[in-house]
Amino acid sequence: MSSTTQTAPKKSWGESLKAYLDHRAIIMLFLGFAAGIPILLIFSSLSLWLREAGIDRSVVTMFSWAALGYSFKFIWAPLIDAVPLPILTKLFGRRRAWMLVAQIGVIAAILIMASVNPISESVLTVMAMGAVLLGFSSATQDIVIDAYRIELAPPSLQPILSAMYTTGYRIGMIVAGAGALYLADFFGSTETAYSYEAWRNTYWIMAGVMGIGVLTTLFIYEPKNAQKQLERPASDYARLVAVFFISVIAFVSTFIYFGKVLPEVDGAVYKFLIEIVHMLSGLVAAFFAGWVMVQLGLVKKEVAQQTWVEPIADFFNRYGKKALLLLALIGLYRISDIVAGVISNVFYQDMGFSKTQIATAVKLVGVWVTIAGGFLGGLLAQRMPIMRTMMIGAILACITNLLFVMLTYFPGNVTAMYIAVIGDNLAAGLASAVFIAFLSALTSIKFTAVQYAIFSSLMTLLPKVLGGYSGTIVDNMGYPFFFSFCCLIGVPILLLVYLVDKNLQIGENDTTGEQPNES
């Protein structure tokens, strides 16, 4: 490894603030907004809709698994890097074409979810299908936006682009979170008087709001730093897509079959372990099906290797054995706040707060505090080593869970709720912005979409699987135990951050550790 250390000159506070006015930062603000709309329509807003419809809490939290597309998006991210879309790619460029298709998929999924009333269990499957499509389309949009952001500007500007993306994302969450709750309340749905029409109209409006993302995609430009892709015959692209769909069929079939034969167990921990086996069985089947298709010649081995293998090999070539340390940090860094966030709206309701109070404190004030945390994270990441800001974010994300434990002792106390909300969201905003900058620094420009998709998928996989059982854990152990547990699982992250900082140089401001190999 190289022993030469190059550090960027430290920017003044004025220079750091001025970077937020760069036109590329403004682009990321709007794209972040489009990315922030779908997530709460799967998580908290959908959770409240289902609870008002009388759906059991355990079923409500399991709907969060519809967002597992975010965690498995690395499987189809290579297709987005490799496969051009007919007509659209020539009109808009590779990134914008995929972005447009993903956004249309998001709108269609929201409309499907709005078309059914979950009070009838017979249509829950349709709503689940819409939620899965929403998760898949939204994850695809994220893949393209992340690649677009990294290709849009040099590493020195990535902390600012990350912060602006996070800002837009959180504004989108305000619209899909507080906005959805206010609209549902306005149209006449309450906890005691459920109205399907109110939630249907709310989701219709959310589908319309996604039009802002479509307009943004149409008006922005293709990044100049995008890597030139090898032109292949159309048959090669068709074969790649065929292998992907065969692998998906293998995953779904195995997942359904194993769901029927796996034993039913009692206890949240045992159920969690069974679900891990359930997920792994589907993944193994998908990878095996893909491998068989390559061996049978459905797709050329060279094409398959360049599409799926080389991006992974590049990462390990650059970081060697320390790549495993990085992967552990990526997979666990956000576990405390993601697991806690799955059940947050239900928690506030159980603490005796009204939907309007939740919307105001959590989805309005809280999100603006998160935005402030993101801006602060972007500024700090420009002025100090990225791993130092990662440590600050990890400590805050861990200890702020204890504020929710405090709130369980003051149910219905608005002041206590605001203390918990402000502390938690400030920590989440800072940690999110610096973590995005950290992942961007690890990504090779040669494999932008694939590598970043792998990193961000790994970031959410374990937290979301565990979060799907948050309702079961609360039912069995109570809220104080649950949030204390969320705090404790964040403690090992501090050691991982320290080890990465000690052994590797990450980012332009870092002066410690070893530099990665250049491939």
# chains A, B, ... in the order shown; residues from 1 in each chain; ligands from 1
$ select_by_dssp --residues "region 308-514 of chain A" --states "alpha helix (DSSP H)" --output "PyMOL selection string"
chain A and resi 310-319+322-332+335-342+344-350+355-360+366-383+386-399+401-408+414-442+448-467+470-477+479-488+491-503
$ residues_around --residues "region 401-403 of chain A" --least-positions-apart "6" --cutoff "10 Å" --atoms "only C-alpha atoms" --output "ChimeraX atom specification"
/A:336-337,340,416-417,419-424,480,482-488,490
$ closest_residue --among "A:Glu222, A:Asp475, A:Asp142, A:Glu151" --to "Gly32 (chain A)" --atoms "only C-alpha atoms"
A:Asp142
$ closest_residue --among "A:Ile399, A:Ala176, A:Ile143, A:Leu50" --to "Ile80 (chain A)" --atoms "only C-alpha atoms"
A:Ile143
$ closest_residue --among "A:Thr125, A:Thr254, A:Ser456, A:Ser115" --to "Ser440 (chain A)" --atoms "only C-alpha atoms"
A:Ser456
$ atom_distance --atom1 "CA of Ile335 (chain A)" --atom2 "CA of Leu181 (chain A)"
26.2 Å
